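Only one structure is covered here, and it is reproduced in the block below.
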Amino acid sequence: GKRRGGRGGGDNNLQRLRQQEAVAIAKLHGHDDGDPYLYDDYYRGGPPLFGYNPEWGPGWDESHSFLRNPLDDKLVSSKHGQLYPQDTELNAAQTVVETIEKALKSVSDDLLMEKCKLIAAEKGEDTSDVDIAKDESLRQLKGVMRVGTFARGMLLKGQLNIDLVLMCTAKPTKDLLHEMYEQLPAKFAKNCPDQIYHITCEPRKAGMTVVSSVDDHTVTVNLVLTSTLMREDQTPESIEADSKAGVLDRSCCLVALAALRHTKWFQAMCQGLPSFSLIMRVFVDLAQRHPVWRVLDTWMLELLIQKCIVSANQEFTRPGDIFRRVIECIASGIFLPGCSGLYDPCEKGAVDAALALTAQERADLTLTAQHYLRLIAFNQLHLVLDVTPPENYAPYTLGKKDWNREMEEVDEGEGNEDGAGELAVKKMKTES
């Protein structure tokens, strides 16, 4: 006789059922029996966020945590292809940055020469024999460093906004900023006479903005002056002294120092992680498109994605797996009050990188991530990414009638030595 079979027919039956279910679902998506994503690979995915619980039963293990759709990888990769900048854009950004760096180096040499001559004149020495190489300790501008998306190699298409940080020996002042502003146009004209650079001095932002156009691509460079001396604790006397000297805004300088630490952390911890830059671009675009996600800055996303990849018990390489794992992490409530939050490794002590988020913003992020997770579960990832799905991408649809899958176990001993029988998956049908 025949009898109904379910998922509880032992480990062997459970494994056969999973294989047959994988074949049925893959065929639903237009794959053949020889597709490499079938069987065990079709179930490949990340472990549960909170680990494996033995109470889940003998048939559950960390290598079969969820059914994965191989077309999700193609959708995520396709979205990344739309966001990746063109070669002409990358060349334009590189040209403008190199020109600014050369101009700043020339300005630094001129300022050092002026200071050396001034000191030599005070001592009664001949100012024509001044050698700036012997007085590097007097240099005011120590060096310029790249930070932000350009330093990480993650610029987005059509968004050529570049951040540079100029390190100073002493606390940067408004007089130093204006002196640089007056000298830079001549340096640009000397180094690149064919290009036009528009410079805007912004003392309130502790720096200046340089805009130039190369090959019909507009590049905007934000330059901020800072110094390690800005980290010193402030006292009433120091605040008054800085005010008299015209020191630039301290908060802007501290943000620039934090950007330097973030860039160094990225180079040490994130380079080499599988699909990191790909997933990072996709989430940056998501944060720009969705108003709720705009509260997540680049640093929060970097920490979140890095922790999701590193915390996996097995290697994560497929973009679809990593994208879903990040969404799962947010949907689990990591940003909710009372949860672990995002530990900031670049700050002293236990500091939450998402400390500035309000309770409402945290709730909205969690709710949106849970909605996105449901869309992914029902093969609606293209709605999350805002891309056009391929023709063979078949989403699940919910109608008025419930879809039921009937599984039937054939006669015992037929085609199986242990007598357990084979589980056959019938076609899904509706009950009238």
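Simple scheme: letters A, B, ... for chains in structure tokens order, numbers from 1 for residues in each chain, numbers from 1 for ligands in the order shown.
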TODO: Skip Val97 in chain A itself and residues of its chain fewer than 6 positions away, then list as a PyMOL selection string all residues within 12 Å of it, counting only C-alpha atoms.
DONE: chain A and resi 90-91+103-104+144-147+150-151+160-165+188+197+210-214+219-223
Those same residues - C-alpha atoms - I'd like them written as a tab-separated table (two decimals), in the first residue's frame.
chain	number	residue	atom	x	y	z
A	90	LEU	CA	37.76	57.17	-13.31
A	91	ASN	CA	40.46	58.76	-15.47
A	103	ALA	CA	49.60	72.02	-6.58
A	104	LEU	CA	49.41	71.49	-2.81
A	144	VAL	CA	47.54	65.31	1.60
A	145	MET	CA	45.71	61.99	1.93
A	146	ARG	CA	42.78	60.47	0.08
A	147	VAL	CA	39.76	59.38	2.08
A	150	PHE	CA	37.71	57.48	-3.85
A	151	ALA	CA	40.37	56.08	-1.52
A	160	LEU	CA	32.50	62.05	-8.78
A	161	ASN	CA	32.69	63.58	-5.29
A	162	ILE	CA	36.16	63.14	-3.82
A	163	ASP	CA	37.39	63.87	-0.28
A	164	LEU	CA	40.96	64.87	0.57
A	165	VAL	CA	42.49	65.62	3.96
A	188	PHE	CA	46.77	75.14	-11.42
A	197	TYR	CA	39.64	74.88	-11.80
A	210	VAL	CA	37.73	72.55	-6.09
A	211	VAL	CA	35.55	71.84	-9.13
A	212	SER	CA	36.90	70.94	-12.56
A	213	SER	CA	35.63	69.30	-15.74
A	214	VAL	CA	37.60	66.66	-17.64
A	219	VAL	CA	34.75	66.32	-10.60
A	220	THR	CA	34.21	67.92	-7.18
A	221	VAL	CA	37.01	67.71	-4.61
A	222	ASN	CA	36.40	68.61	-0.97
A	223	LEU	CA	39.65	69.53	0.80
Task: CA of Arg204 in chain A to CA of Thr218 in chain A, distance in Å rounded to a single decimal - done: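 These atoms are spaced 23.9 Å apart.
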Open item on the list: What parts of range 62-272 of chain A does DSSP call helix (DSSP H, G or I)? I'd like the answer as a VMD selection string.
Closed with: chain A and resid 70 to 83 87 to 122 127 to 129 132 to 138 148 to 152 174 to 191 203 to 205 228 to 231 236 to 245 250 to 269
Open item on the list: Between A:Asn191, A:Gln183, A:Thr228, A:Thr209, which residue has the minimum interatomic distance to Lys171 in chain A, considering only C-alpha atoms?
Closed with: A:Thr228
Task: Contacts of Ala206 in chain A at 8 Å (only C-alpha atoms; same-chain gap of 6+ positions) as a list in words - done: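 Those residues are Val224, Leu225, Thr226, Leu248, Asp249, Cys252 and Cys253 of chain A.
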For the residues selected in the previous step, produce a file with C-alpha atoms as an mmCIF file, in the first residue's frame.
data_model
loop_
_atom_site.group_PDB
_atom_site.id
_atom_site.type_symbol
_atom_site.label_atom_id
_atom_site.label_comp_id
_atom_site.auth_asym_id
_atom_site.auth_seq_id
_atom_site.Cartn_x
_atom_site.Cartn_y
_atom_site.Cartn_z
ATOM 1 C CA VAL A 224 39.711 69.753 4.611
ATOM 2 C CA LEU A 225 42.612 70.975 6.753
ATOM 3 C CA THR A 226 43.297 69.255 10.054
ATOM 4 C CA LEU A 248 39.395 76.524 12.004
ATOM 5 C CA ASP A 249 36.303 74.710 13.236
ATOM 6 C CA CYS A 252 35.253 69.585 11.067
ATOM 7 C CA CYS A 253 38.907 68.852 11.797
#
TODO: Would you please give, as a PyMOL selection string, all residues of range 140-201 of chain A that DSSP assigns to strand (DSSP E) based on the backbone?
DONE: chain A and resi 141-147+161-168+197-201
Open item on the list: Restricting the calculation to only C-alpha atoms: of A:Lys74, A:Lys348, A:Arg261, A:Lys187, which residue gets closest to Thr99 in chain A?
Closed with: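 The answer is A:Lys187, which sits nearest to Thr99 in chain A.
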Please provide as a PDB file with N, CA, C and O atoms, in the first residue's frame all residues within 12 Å of range 233-244 of chain A, with the sequence filter that same-chain residues fewer than 6 positions apart are discarded (counting only C-alpha atoms).
ATOM      1  N   ALA A 170      50.811  72.403  12.750  1.00  0.00           N
ATOM      2  CA  ALA A 170      50.113  73.104  13.830  1.00  0.00           C
ATOM      3  C   ALA A 170      48.622  73.119  13.535  1.00  0.00           C
ATOM      4  O   ALA A 170      48.157  72.622  12.499  1.00  0.00           O
ATOM      5  N   LYS A 171      47.861  73.683  14.440  1.00  0.00           N
ATOM      6  CA  LYS A 171      46.430  73.807  14.217  1.00  0.00           C
ATOM      7  C   LYS A 171      46.163  74.723  13.031  1.00  0.00           C
ATOM      8  O   LYS A 171      46.695  75.836  12.970  1.00  0.00           O
ATOM      9  N   PRO A 172      45.381  74.272  12.047  1.00  0.00           N
ATOM     10  CA  PRO A 172      45.127  75.102  10.866  1.00  0.00           C
ATOM     11  C   PRO A 172      44.320  76.345  11.213  1.00  0.00           C
ATOM     12  O   PRO A 172      43.390  76.298  12.019  1.00  0.00           O
ATOM     13  N   THR A 173      44.703  77.456  10.602  1.00  0.00           N
ATOM     14  CA  THR A 173      44.053  78.734  10.865  1.00  0.00           C
ATOM     15  C   THR A 173      43.418  79.278   9.593  1.00  0.00           C
ATOM     16  O   THR A 173      43.682  78.794   8.486  1.00  0.00           O
ATOM     17  N   LYS A 174      42.621  80.300   9.779  1.00  0.00           N
ATOM     18  CA  LYS A 174      41.983  80.939   8.630  1.00  0.00           C
ATOM     19  C   LYS A 174      43.010  81.649   7.761  1.00  0.00           C
ATOM     20  O   LYS A 174      42.860  81.686   6.528  1.00  0.00           O
ATOM     21  N   ASP A 175      44.048  82.194   8.375  1.00  0.00           N
ATOM     22  CA  ASP A 175      45.088  82.854   7.588  1.00  0.00           C
ATOM     23  C   ASP A 175      45.796  81.865   6.669  1.00  0.00           C
ATOM     24  O   ASP A 175      46.073  82.165   5.503  1.00  0.00           O
ATOM     25  N   ARG A 250      36.779  73.124  15.007  1.00  0.00           N
ATOM     26  CA  ARG A 250      37.357  71.913  15.586  1.00  0.00           C
ATOM     27  C   ARG A 250      36.579  70.664  15.188  1.00  0.00           C
ATOM     28  O   ARG A 250      37.170  69.611  14.931  1.00  0.00           O
TER      29      ARG A 250
END
Considering only C-alpha atoms, return as a PDB file with C-alpha atoms, in the first residue's frame whatever protein or nucleic-acid residues lie within 6 Å of range 318-326 of chain A, sequence-local ones (same chain, fewer than 3 positions apart) excluded.
ATOM      1  CA  ASP A  72      19.852  36.535  -7.144  1.00  0.00           C
ATOM      2  CA  ASP A  73      23.595  36.613  -7.827  1.00  0.00           C
ATOM      3  CA  CYS A 329      21.219  41.217  10.112  1.00  0.00           C
TER       4      CYS A 329
END
Open item on the list: Env of range 338-346 of chain A: 8 Å cut, atoms = only C-alpha atoms, seq-sep filter 6 positions within chain, self excluded. Answer as a ChimeraX atom specification.
Closed with: /A:258,261-262,265,300,303-304,352-354
Dump C-alpha atoms for the selected residues as a short mmCIF file (atom, residue, chain, number, x, y, z; two decimals), in the first residue's frame?
data_model
loop_
_atom_site.label_atom_id
_atom_site.label_comp_id
_atom_site.auth_asym_id
_atom_site.auth_seq_id
_atom_site.Cartn_x
_atom_site.Cartn_y
_atom_site.Cartn_z
CA ALA A 258 38.14 60.14 11.86
CA ARG A 261 41.24 56.30 10.67
CA HIS A 262 38.34 54.78 8.75
CA TRP A 265 40.83 50.41 8.92
CA MET A 300 28.08 52.29 9.14
CA LEU A 303 31.17 48.03 9.44
CA LEU A 304 27.90 46.16 8.91
CA ASP A 352 28.33 52.55 18.87
CA ALA A 353 28.82 53.78 15.30
CA ALA A 354 25.03 54.18 15.01
#
